[in-house]
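Participant: Would you mind keeping the following structure in view while I ask a few things?
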Amino acid sequence: MTAPAPLSHAARRHLLGIQGLSPQDITALLDLAEAEVAVSRQTEKKKSVLKGRTQINLFFESSTRTQASFELAGKRLGADVMNMSVASSSVKKGETLIDTAMTLNAMQPDILVVRHHSAGAVALLAQKVACSVVNAGDGAHEHPTQALLDALTIRRHKGRIARLVVAICGDVLHSRVARSNIILLNALGAEVRVVAPSTLLPSGIEQMGVTVFRRMDEGLKGADVVMMLRLQRERMEGAFIPSVREYFRYFGLDAAKLAHAKPDALVMHPGPMNRGVEIASEIADGPMSVIEEQVEMGVAVRMAVIETLLDMAGDDR
Ligand code: NCD
């Protein structure tokens, strides 16, 4: 069984982003996650490494797969897991983020998993609490465990990340998934492209080490991986696209556009998917799609992250 490998100093207690992780840190987490995949496929899925530890999931934004997989990950490691539903919490009564965090901190958790709609909120909270903090998505900033699970999925199919051509397509502007993936894929030596209409590209995105394409046929040409992003309409104020129909026509992944990628290209999507908006159903359910596998890898990667952080926090005590 692979033991958690120590993370470099910068990443010791919290996982706030892919930024700050070394290629070695990333590879160590992926290697441990690989072993966790096997655990989840056994009939007996429970380890006892985190027996007696407490994990609190604090989600200020709605989530299905991320929250569920963090919960399962903690439970499969033997921890006690509590889900704080913000809808029924004092946040609705006006309590601040920090007061909520301090209240939970007083209950002596070992790890807090936090999703928040503001970029930087999770890092702020991490400064105030005594336990380890994992960023489960902060605004349009980072979503590190998503990038790790995407990398694990790619590595299992392609055997490596280095030198692969990865096209990240769609609403890059509002996407923390895109940001974390760009940082991780570059760190491991992939060639990263972004494909989007100008209105959905952050200015200066080239400085993150990506090549920008505004047409799917050009951006997908020769790609090993096609990663679609959800059109995040809840984050849009005003009109970023003329209409959903037009968006699908030019940027939605269908068979004709996918034909420009390599014949063995992987099709990915972090979910939740808008079928017929950014991806055609026949592609989402087709033979090149690894979308369900991404969900499975999500549990394994989160087990690896939680186990590594708590292992290291234990060393520090
Ligand atoms: C993503 C998120 O919340 O950032 N989803 C996820 O975590 N599986 C992407 C999205 O919401 O589009």
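Ordering of the structure tokens sets the chain letters (A, B, ...), residue numbers begin anew at 1 in every chain, and ligands are numbered from 1 in the order given.
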Using only C-alpha atoms, which residues sit within 9 Å of Ala284 (chain A) once same-chain residues fewer than 4 positions away are excluded, as a list in words?
Facilitator: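 Skipping anything fewer than 4 positions along the chain leaves Leu253, Val267, Met268, His269, Met273, Arg275, Ile279, Ala280, Met288, Ser289, Val290 and Ile291 of chain A.
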Participant: Write out as a PyMOL selection string which residues come within 12 Å of Met228 (chain A) when counting only C-alpha atoms, dropping same-chain ones fewer than 6 positions away.
Facilitator: chain A and resi 150+166-172+175+177-178+181+193-196+216+220+248+251-254+258+266-275+277-280+283-284+289-291
Participant: Counting only C-alpha atoms and all ligand atoms, which residues of chain A sit at most 9 Å from some atom of ligand 1, and what is each one's closest atom pair with its distance in Å to one decimal, listed by chain and rising residue number, as a tab-separated table?
Facilitator:
residue	atom	partner	partner_atom_place_in_ligand_line	distance
A:Glu61	CA	ligand 1	3 (O)	8.3
A:Ser62	CA	ligand 1	3 (O)	8.1
A:Ser63	CA	ligand 1	3 (O)	6.6
A:Thr64	CA	ligand 1	8 (N)	7.6
A:Arg65	CA	ligand 1	8 (N)	5.8
A:Thr66	CA	ligand 1	7 (O)	5.3
A:Gln67	CA	ligand 1	7 (O)	8.5
A:Arg115	CA	ligand 1	3 (O)	8.6
A:Ala136	CA	ligand 1	7 (O)	7.5
A:Gly137	CA	ligand 1	4 (O)	5.8
A:Asp138	CA	ligand 1	4 (O)	8.1
A:Gly139	CA	ligand 1	4 (O)	8.0
A:Ala140	CA	ligand 1	4 (O)	7.8
A:Glu142	CA	ligand 1	4 (O)	8.2
A:His143	CA	ligand 1	4 (O)	6.4
A:Thr145	CA	ligand 1	7 (O)	8.6
A:Gln146	CA	ligand 1	7 (O)	6.3
A:Asp171	CA	ligand 1	12 (O)	8.8
A:His174	CA	ligand 1	12 (O)	8.7
A:Ser175	CA	ligand 1	4 (O)	6.5
A:Arg176	CA	ligand 1	4 (O)	5.7
A:Val177	CA	ligand 1	4 (O)	5.6
A:Ala178	CA	ligand 1	4 (O)	8.9
A:Leu229	CA	ligand 1	12 (O)	6.2
A:Arg230	CA	ligand 1	12 (O)	4.4
A:Leu231	CA	ligand 1	12 (O)	6.9
A:Gln232	CA	ligand 1	12 (O)	6.1
A:His269	CA	ligand 1	9 (C)	8.3
A:Pro270	CA	ligand 1	8 (N)	4.6
A:Gly271	CA	ligand 1	8 (N)	4.7
A:Pro272	CA	ligand 1	12 (O)	5.9
A:Met273	CA	ligand 1	12 (O)	7.5
A:Val295	CA	ligand 1	8 (N)	8.3
A:Gly298	CA	ligand 1	8 (N)	9.0
Participant: What's the 10 Å shell around Gln55 (chain A), counting only C-alpha atoms, without same-chain residues fewer than 2 positions away, as an MDAnalysis selection string?
Facilitator: chainID A and resid 50 52:53 57:58 70:71 74:75 79:83 108:113 131:133 306
Participant: For the residues in that selection, give me C-alpha atoms as a compact mmCIF listing (two decimals), in the first residue's frame.
Facilitator:
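The resulting file, selection.txt, is reproduced below:
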# COMPACT_ATOMS: atom_id res chain seq x y z
CA LEU A 50 -8.25 8.46 10.07
CA GLY A 52 -11.25 9.25 15.43
CA ARG A 53 -10.57 12.30 13.23
CA ASN A 57 -17.69 19.96 4.95
CA LEU A 58 -18.75 23.60 4.81
CA PHE A 70 -15.52 14.58 -0.05
CA GLU A 71 -18.01 12.96 2.32
CA GLY A 74 -13.55 11.03 4.61
CA LYS A 75 -15.77 8.08 5.55
CA ALA A 79 -13.05 9.76 9.79
CA ASP A 80 -16.29 11.12 11.23
CA VAL A 81 -17.75 13.45 8.62
CA MET A 82 -20.26 16.22 9.21
CA ASN A 83 -21.92 18.19 6.43
CA GLN A 108 -12.06 20.81 17.26
CA PRO A 109 -12.33 19.43 13.74
CA ASP A 110 -9.18 18.05 12.13
CA ILE A 111 -10.09 19.13 8.63
CA LEU A 112 -12.46 21.63 7.07
CA VAL A 113 -13.48 21.26 3.44
CA CYS A 131 -7.10 22.67 11.51
CA SER A 132 -6.26 21.75 7.92
CA VAL A 133 -8.36 23.37 5.22
CA ILE A 306 -7.26 14.28 3.15
Participant: Enumerate, as a PDB file with N, CA, C and O atoms, in the first residue's frame, the complete set of residues in region 170-296 of chain A that a backbone-based DSSP assignment places in helix (DSSP H, G or I).
Facilitator:
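selection.pdb, written as the output of this step:
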ATOM      1  N   ARG A 176     -13.063  28.183 -12.263  1.00  0.00           N
ATOM      2  CA  ARG A 176     -11.963  27.810 -11.366  1.00  0.00           C
ATOM      3  C   ARG A 176     -11.366  26.467 -11.799  1.00  0.00           C
ATOM      4  O   ARG A 176     -10.204  26.179 -11.546  1.00  0.00           O
ATOM      5  N   VAL A 177     -12.192  25.641 -12.444  1.00  0.00           N
ATOM      6  CA  VAL A 177     -11.696  24.352 -12.937  1.00  0.00           C
ATOM      7  C   VAL A 177     -10.607  24.593 -13.990  1.00  0.00           C
ATOM      8  O   VAL A 177      -9.556  23.963 -13.983  1.00  0.00           O
ATOM      9  N   ALA A 178     -10.870  25.549 -14.888  1.00  0.00           N
ATOM     10  CA  ALA A 178      -9.889  25.853 -15.940  1.00  0.00           C
ATOM     11  C   ALA A 178      -8.593  26.363 -15.318  1.00  0.00           C
ATOM     12  O   ALA A 178      -7.497  25.904 -15.658  1.00  0.00           O
ATOM     13  N   ARG A 179      -8.697  27.283 -14.372  1.00  0.00           N
ATOM     14  CA  ARG A 179      -7.482  27.854 -13.768  1.00  0.00           C
ATOM     15  C   ARG A 179      -6.630  26.778 -13.099  1.00  0.00           C
ATOM     16  O   ARG A 179      -5.426  26.705 -13.313  1.00  0.00           O
ATOM     17  N   SER A 180      -7.265  25.940 -12.270  1.00  0.00           N
ATOM     18  CA  SER A 180      -6.492  24.911 -11.568  1.00  0.00           C
ATOM     19  C   SER A 180      -5.895  23.923 -12.558  1.00  0.00           C
ATOM     20  O   SER A 180      -4.759  23.473 -12.399  1.00  0.00           O
ATOM     21  N   ASN A 181      -6.666  23.589 -13.593  1.00  0.00           N
ATOM     22  CA  ASN A 181      -6.143  22.653 -14.593  1.00  0.00           C
ATOM     23  C   ASN A 181      -4.979  23.250 -15.369  1.00  0.00           C
ATOM     24  O   ASN A 181      -3.997  22.555 -15.665  1.00  0.00           O
ATOM     25  N   ILE A 182      -5.078  24.510 -15.729  1.00  0.00           N
ATOM     26  CA  ILE A 182      -3.989  25.148 -16.488  1.00  0.00           C
ATOM     27  C   ILE A 182      -2.697  25.091 -15.668  1.00  0.00           C
ATOM     28  O   ILE A 182      -1.630  24.730 -16.171  1.00  0.00           O
ATOM     29  N   ILE A 183      -2.806  25.420 -14.376  1.00  0.00           N
ATOM     30  CA  ILE A 183      -1.604  25.437 -13.532  1.00  0.00           C
ATOM     31  C   ILE A 183      -1.025  24.026 -13.403  1.00  0.00           C
ATOM     32  O   ILE A 183       0.176  23.803 -13.576  1.00  0.00           O
ATOM     33  N   LEU A 184      -1.911  23.059 -13.132  1.00  0.00           N
ATOM     34  CA  LEU A 184      -1.420  21.686 -12.944  1.00  0.00           C
ATOM     35  C   LEU A 184      -0.834  21.108 -14.232  1.00  0.00           C
ATOM     36  O   LEU A 184       0.258  20.543 -14.241  1.00  0.00           O
ATOM     37  N   LEU A 185      -1.563  21.255 -15.325  1.00  0.00           N
ATOM     38  CA  LEU A 185      -1.110  20.640 -16.587  1.00  0.00           C
ATOM     39  C   LEU A 185       0.212  21.260 -17.045  1.00  0.00           C
ATOM     40  O   LEU A 185       1.101  20.560 -17.537  1.00  0.00           O
ATOM     41  N   ASN A 186       0.359  22.553 -16.865  1.00  0.00           N
ATOM     42  CA  ASN A 186       1.634  23.201 -17.202  1.00  0.00           C
ATOM     43  C   ASN A 186       2.754  22.694 -16.298  1.00  0.00           C
ATOM     44  O   ASN A 186       3.862  22.447 -16.756  1.00  0.00           O
ATOM     45  N   ALA A 187       2.438  22.543 -15.008  1.00  0.00           N
ATOM     46  CA  ALA A 187       3.471  22.072 -14.070  1.00  0.00           C
ATOM     47  C   ALA A 187       3.978  20.690 -14.475  1.00  0.00           C
ATOM     48  O   ALA A 187       5.154  20.378 -14.299  1.00  0.00           O
ATOM     49  N   SER A 198     -14.184  35.329 -27.454  1.00  0.00           N
ATOM     50  CA  SER A 198     -13.445  36.374 -26.731  1.00  0.00           C
ATOM     51  C   SER A 198     -14.140  36.812 -25.457  1.00  0.00           C
ATOM     52  O   SER A 198     -13.485  37.115 -24.456  1.00  0.00           O
ATOM     53  N   THR A 199     -15.473  36.818 -25.451  1.00  0.00           N
ATOM     54  CA  THR A 199     -16.219  37.289 -24.278  1.00  0.00           C
ATOM     55  C   THR A 199     -16.056  36.347 -23.087  1.00  0.00           C
ATOM     56  O   THR A 199     -16.351  36.724 -21.958  1.00  0.00           O
ATOM     57  N   LEU A 200     -15.620  35.116 -23.329  1.00  0.00           N
ATOM     58  CA  LEU A 200     -15.496  34.149 -22.231  1.00  0.00           C
ATOM     59  C   LEU A 200     -14.032  33.813 -21.918  1.00  0.00           C
ATOM     60  O   LEU A 200     -13.730  32.784 -21.322  1.00  0.00           O
ATOM     61  N   ILE A 205      -4.913  35.874 -20.305  1.00  0.00           N
ATOM     62  CA  ILE A 205      -4.857  34.429 -20.036  1.00  0.00           C
ATOM     63  C   ILE A 205      -3.589  33.793 -20.618  1.00  0.00           C
ATOM     64  O   ILE A 205      -3.069  32.827 -20.071  1.00  0.00           O
ATOM     65  N   GLU A 206      -3.060  34.392 -21.701  1.00  0.00           N
ATOM     66  CA  GLU A 206      -1.822  33.849 -22.312  1.00  0.00           C
ATOM     67  C   GLU A 206      -0.687  33.799 -21.292  1.00  0.00           C
ATOM     68  O   GLU A 206       0.185  32.939 -21.359  1.00  0.00           O
ATOM     69  N   GLN A 207      -0.726  34.732 -20.329  1.00  0.00           N
ATOM     70  CA  GLN A 207       0.349  34.761 -19.334  1.00  0.00           C
ATOM     71  C   GLN A 207       0.350  33.530 -18.431  1.00  0.00           C
ATOM     72  O   GLN A 207       1.299  33.294 -17.689  1.00  0.00           O
ATOM     73  N   MET A 208      -0.747  32.760 -18.469  1.00  0.00           N
ATOM     74  CA  MET A 208      -0.759  31.520 -17.681  1.00  0.00           C
ATOM     75  C   MET A 208      -0.098  30.371 -18.449  1.00  0.00           C
ATOM     76  O   MET A 208      -0.131  29.219 -17.991  1.00  0.00           O
ATOM     77  N   MET A 216     -13.242  26.203 -32.556  1.00  0.00           N
ATOM     78  CA  MET A 216     -13.086  24.825 -32.079  1.00  0.00           C
ATOM     79  C   MET A 216     -12.259  23.967 -33.045  1.00  0.00           C
ATOM     80  O   MET A 216     -11.445  23.155 -32.611  1.00  0.00           O
ATOM     81  N   ASP A 217     -12.467  24.131 -34.359  1.00  0.00           N
ATOM     82  CA  ASP A 217     -11.734  23.261 -35.294  1.00  0.00           C
ATOM     83  C   ASP A 217     -10.223  23.466 -35.158  1.00  0.00           C
ATOM     84  O   ASP A 217      -9.452  22.504 -35.148  1.00  0.00           O
ATOM     85  N   GLU A 218      -9.809  24.722 -34.966  1.00  0.00           N
ATOM     86  CA  GLU A 218      -8.374  24.993 -34.824  1.00  0.00           C
ATOM     87  C   GLU A 218      -7.854  24.539 -33.455  1.00  0.00           C
ATOM     88  O   GLU A 218      -6.787  23.939 -33.352  1.00  0.00           O
ATOM     89  N   GLY A 219      -8.618  24.841 -32.427  1.00  0.00           N
ATOM     90  CA  GLY A 219      -8.169  24.521 -31.064  1.00  0.00           C
ATOM     91  C   GLY A 219      -8.130  23.028 -30.786  1.00  0.00           C
ATOM     92  O   GLY A 219      -7.335  22.552 -29.976  1.00  0.00           O
ATOM     93  N   LEU A 220      -9.014  22.277 -31.441  1.00  0.00           N
ATOM     94  CA  LEU A 220      -9.071  20.829 -31.175  1.00  0.00           C
ATOM     95  C   LEU A 220      -8.133  20.016 -32.056  1.00  0.00           C
ATOM     96  O   LEU A 220      -7.942  18.820 -31.828  1.00  0.00           O
ATOM     97  N   ARG A 233     -23.829  30.206 -16.245  1.00  0.00           N
ATOM     98  CA  ARG A 233     -24.748  31.339 -16.403  1.00  0.00           C
ATOM     99  C   ARG A 233     -25.057  32.053 -15.091  1.00  0.00           C
ATOM    100  O   ARG A 233     -25.378  33.225 -15.082  1.00  0.00           O
ATOM    101  N   GLU A 234     -24.930  31.317 -13.974  1.00  0.00           N
ATOM    102  CA  GLU A 234     -25.211  31.957 -12.678  1.00  0.00           C
ATOM    103  C   GLU A 234     -24.161  33.017 -12.320  1.00  0.00           C
ATOM    104  O   GLU A 234     -24.384  33.857 -11.467  1.00  0.00           O
ATOM    105  N   ARG A 235     -22.982  32.940 -12.955  1.00  0.00           N
ATOM    106  CA  ARG A 235     -21.944  33.941 -12.679  1.00  0.00           C
ATOM    107  C   ARG A 235     -21.947  35.082 -13.686  1.00  0.00           C
ATOM    108  O   ARG A 235     -21.107  35.961 -13.638  1.00  0.00           O
ATOM    109  N   VAL A 244     -28.041  30.514 -26.544  1.00  0.00           N
ATOM    110  CA  VAL A 244     -27.546  29.170 -26.251  1.00  0.00           C
ATOM    111  C   VAL A 244     -27.419  28.366 -27.538  1.00  0.00           C
ATOM    112  O   VAL A 244     -26.464  27.614 -27.732  1.00  0.00           O
ATOM    113  N   ARG A 245     -28.372  28.560 -28.461  1.00  0.00           N
ATOM    114  CA  ARG A 245     -28.332  27.815 -29.730  1.00  0.00           C
ATOM    115  C   ARG A 245     -27.086  28.143 -30.537  1.00  0.00           C
ATOM    116  O   ARG A 245     -26.414  27.285 -31.078  1.00  0.00           O
ATOM    117  N   GLU A 246     -26.781  29.440 -30.562  1.00  0.00           N
ATOM    118  CA  GLU A 246     -25.609  29.864 -31.315  1.00  0.00           C
ATOM    119  C   GLU A 246     -24.329  29.379 -30.623  1.00  0.00           C
ATOM    120  O   GLU A 246     -23.371  28.974 -31.275  1.00  0.00           O
ATOM    121  N   TYR A 247     -24.334  29.429 -29.296  1.00  0.00           N
ATOM    122  CA  TYR A 247     -23.156  28.962 -28.550  1.00  0.00           C
ATOM    123  C   TYR A 247     -22.891  27.495 -28.875  1.00  0.00           C
ATOM    124  O   TYR A 247     -21.763  27.097 -29.166  1.00  0.00           O
ATOM    125  N   PHE A 248     -23.947  26.684 -28.843  1.00  0.00           N
ATOM    126  CA  PHE A 248     -23.775  25.260 -29.125  1.00  0.00           C
ATOM    127  C   PHE A 248     -23.246  25.058 -30.540  1.00  0.00           C
ATOM    128  O   PHE A 248     -22.379  24.229 -30.781  1.00  0.00           O
ATOM    129  N   ARG A 249     -23.766  25.850 -31.456  1.00  0.00           N
ATOM    130  CA  ARG A 249     -23.360  25.693 -32.856  1.00  0.00           C
ATOM    131  C   ARG A 249     -21.855  25.931 -33.018  1.00  0.00           C
ATOM    132  O   ARG A 249     -21.160  25.181 -33.692  1.00  0.00           O
ATOM    133  N   TYR A 250     -21.339  26.954 -32.361  1.00  0.00           N
ATOM    134  CA  TYR A 250     -19.926  27.285 -32.551  1.00  0.00           C
ATOM    135  C   TYR A 250     -18.992  26.642 -31.524  1.00  0.00           C
ATOM    136  O   TYR A 250     -17.847  26.353 -31.828  1.00  0.00           O
ATOM    137  N   PHE A 251     -19.445  26.453 -30.302  1.00  0.00           N
ATOM    138  CA  PHE A 251     -18.552  25.978 -29.242  1.00  0.00           C
ATOM    139  C   PHE A 251     -19.002  24.690 -28.562  1.00  0.00           C
ATOM    140  O   PHE A 251     -18.271  24.136 -27.750  1.00  0.00           O
ATOM    141  N   ALA A 255     -19.975  15.640 -32.781  1.00  0.00           N
ATOM    142  CA  ALA A 255     -19.103  14.694 -33.488  1.00  0.00           C
ATOM    143  C   ALA A 255     -18.230  15.408 -34.526  1.00  0.00           C
ATOM    144  O   ALA A 255     -17.041  15.084 -34.680  1.00  0.00           O
ATOM    145  N   ALA A 256     -18.794  16.386 -35.213  1.00  0.00           N
ATOM    146  CA  ALA A 256     -18.036  17.069 -36.268  1.00  0.00           C
ATOM    147  C   ALA A 256     -16.838  17.809 -35.669  1.00  0.00           C
ATOM    148  O   ALA A 256     -15.723  17.761 -36.216  1.00  0.00           O
ATOM    149  N   LYS A 257     -17.037  18.470 -34.547  1.00  0.00           N
ATOM    150  CA  LYS A 257     -15.912  19.213 -33.946  1.00  0.00           C
ATOM    151  C   LYS A 257     -14.897  18.236 -33.335  1.00  0.00           C
ATOM    152  O   LYS A 257     -13.690  18.427 -33.464  1.00  0.00           O
ATOM    153  N   LEU A 258     -15.405  17.191 -32.686  1.00  0.00           N
ATOM    154  CA  LEU A 258     -14.500  16.224 -32.054  1.00  0.00           C
ATOM    155  C   LEU A 258     -13.619  15.525 -33.093  1.00  0.00           C
ATOM    156  O   LEU A 258     -12.500  15.101 -32.780  1.00  0.00           O
ATOM    157  N   SER A 281     -25.324  15.255 -26.289  1.00  0.00           N
ATOM    158  CA  SER A 281     -25.533  14.022 -25.524  1.00  0.00           C
ATOM    159  C   SER A 281     -24.784  12.838 -26.117  1.00  0.00           C
ATOM    160  O   SER A 281     -24.198  12.041 -25.388  1.00  0.00           O
ATOM    161  N   GLU A 282     -24.776  12.737 -27.431  1.00  0.00           N
ATOM    162  CA  GLU A 282     -24.116  11.570 -28.062  1.00  0.00           C
ATOM    163  C   GLU A 282     -22.616  11.547 -27.753  1.00  0.00           C
ATOM    164  O   GLU A 282     -22.000  10.479 -27.704  1.00  0.00           O
ATOM    165  N   ILE A 283     -22.033  12.713 -27.511  1.00  0.00           N
ATOM    166  CA  ILE A 283     -20.597  12.766 -27.172  1.00  0.00           C
ATOM    167  C   ILE A 283     -20.404  12.508 -25.678  1.00  0.00           C
ATOM    168  O   ILE A 283     -19.520  11.758 -25.270  1.00  0.00           O
ATOM    169  N   ALA A 284     -21.270  13.122 -24.869  1.00  0.00           N
ATOM    170  CA  ALA A 284     -21.164  12.928 -23.414  1.00  0.00           C
ATOM    171  C   ALA A 284     -21.321  11.450 -23.054  1.00  0.00           C
ATOM    172  O   ALA A 284     -20.679  10.962 -22.122  1.00  0.00           O
ATOM    173  N   ILE A 291     -16.286  10.899 -18.554  1.00  0.00           N
ATOM    174  CA  ILE A 291     -16.927  11.786 -17.580  1.00  0.00           C
ATOM    175  C   ILE A 291     -17.325  11.035 -16.297  1.00  0.00           C
ATOM    176  O   ILE A 291     -17.119  11.533 -15.185  1.00  0.00           O
ATOM    177  N   GLU A 292     -17.830   9.824 -16.443  1.00  0.00           N
ATOM    178  CA  GLU A 292     -18.193   9.056 -15.234  1.00  0.00           C
ATOM    179  C   GLU A 292     -16.950   8.634 -14.467  1.00  0.00           C
ATOM    180  O   GLU A 292     -16.944   8.601 -13.238  1.00  0.00           O
ATOM    181  N   GLU A 293     -15.908   8.303 -15.202  1.00  0.00           N
ATOM    182  CA  GLU A 293     -14.662   7.908 -14.549  1.00  0.00           C
ATOM    183  C   GLU A 293     -14.076   9.071 -13.746  1.00  0.00           C
ATOM    184  O   GLU A 293     -13.489   8.875 -12.675  1.00  0.00           O
ATOM    185  N   GLN A 294     -14.265  10.291 -14.257  1.00  0.00           N
ATOM    186  CA  GLN A 294     -13.800  11.462 -13.498  1.00  0.00           C
ATOM    187  C   GLN A 294     -14.453  11.481 -12.118  1.00  0.00           C
ATOM    188  O   GLN A 294     -13.815  11.820 -11.127  1.00  0.00           O
ATOM    189  N   VAL A 295     -15.718  11.127 -12.068  1.00  0.00           N
ATOM    190  CA  VAL A 295     -16.421  11.131 -10.775  1.00  0.00           C
ATOM    191  C   VAL A 295     -15.800  10.087  -9.846  1.00  0.00           C
ATOM    192  O   VAL A 295     -15.543  10.353  -8.668  1.00  0.00           O
ATOM    193  N   GLU A 296     -15.516   8.909 -10.381  1.00  0.00           N
ATOM    194  CA  GLU A 296     -14.885   7.863  -9.561  1.00  0.00           C
ATOM    195  C   GLU A 296     -13.518   8.332  -9.050  1.00  0.00           C
ATOM    196  O   GLU A 296     -13.188   8.165  -7.873  1.00  0.00           O
TER     197      GLU A 296
END
Participant: Select, from A:Phe240, A:His260, A:Leu164, A:Thr54, the residue with the minimum atom-to-atom distance to Met107 (chain A), counting only C-alpha atoms.
Facilitator: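 Ranking A:Phe240, A:His260, A:Leu164, A:Thr54 by distance to Met107 (chain A), first place goes to A:Thr54.
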Participant: Can you list, as a PyMOL selection string, every protein, DNA or RNA residue that comes within 6 Å of Ala261 (chain A) when you count only C-alpha atoms, leaving out same-chain residues fewer than 5 positions away?
Facilitator: chain A and resi 220-223
Participant: Next, write the just-selected residues to a file, as a short mmCIF file (atom, residue, chain, number, x, y, z; two decimals), in the first residue's frame, keeping C-alpha atoms as the atom set.
Facilitator:
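Result written to part_13.cif:
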data_model
loop_
_atom_site.label_atom_id
_atom_site.label_comp_id
_atom_site.auth_asym_id
_atom_site.auth_seq_id
_atom_site.Cartn_x
_atom_site.Cartn_y
_atom_site.Cartn_z
CA LEU A 220 -9.07 20.83 -31.17
CA LYS A 221 -6.73 19.95 -34.02
CA GLY A 222 -4.52 17.08 -32.86
CA ALA A 223 -5.69 17.31 -29.23
#
Participant: For the atom pair CA of Asp285 (chain A) and CA of Leu149 (chain A), what is the interatomic distance in Å to one decimal place?
Facilitator: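 Computed distance, CA of Asp285 (chain A) to CA of Leu149 (chain A), equals 19.4 Å.
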Participant: Can you list, as a PyMOL selection string, every residue of region 34-267 of chain A that DSSP puts in strand (DSSP E or B)?
Facilitator: chain A and resi 54-59+80-85+111-116+132-138+142+165-169+191-195+211-213+225-228+253+266-267
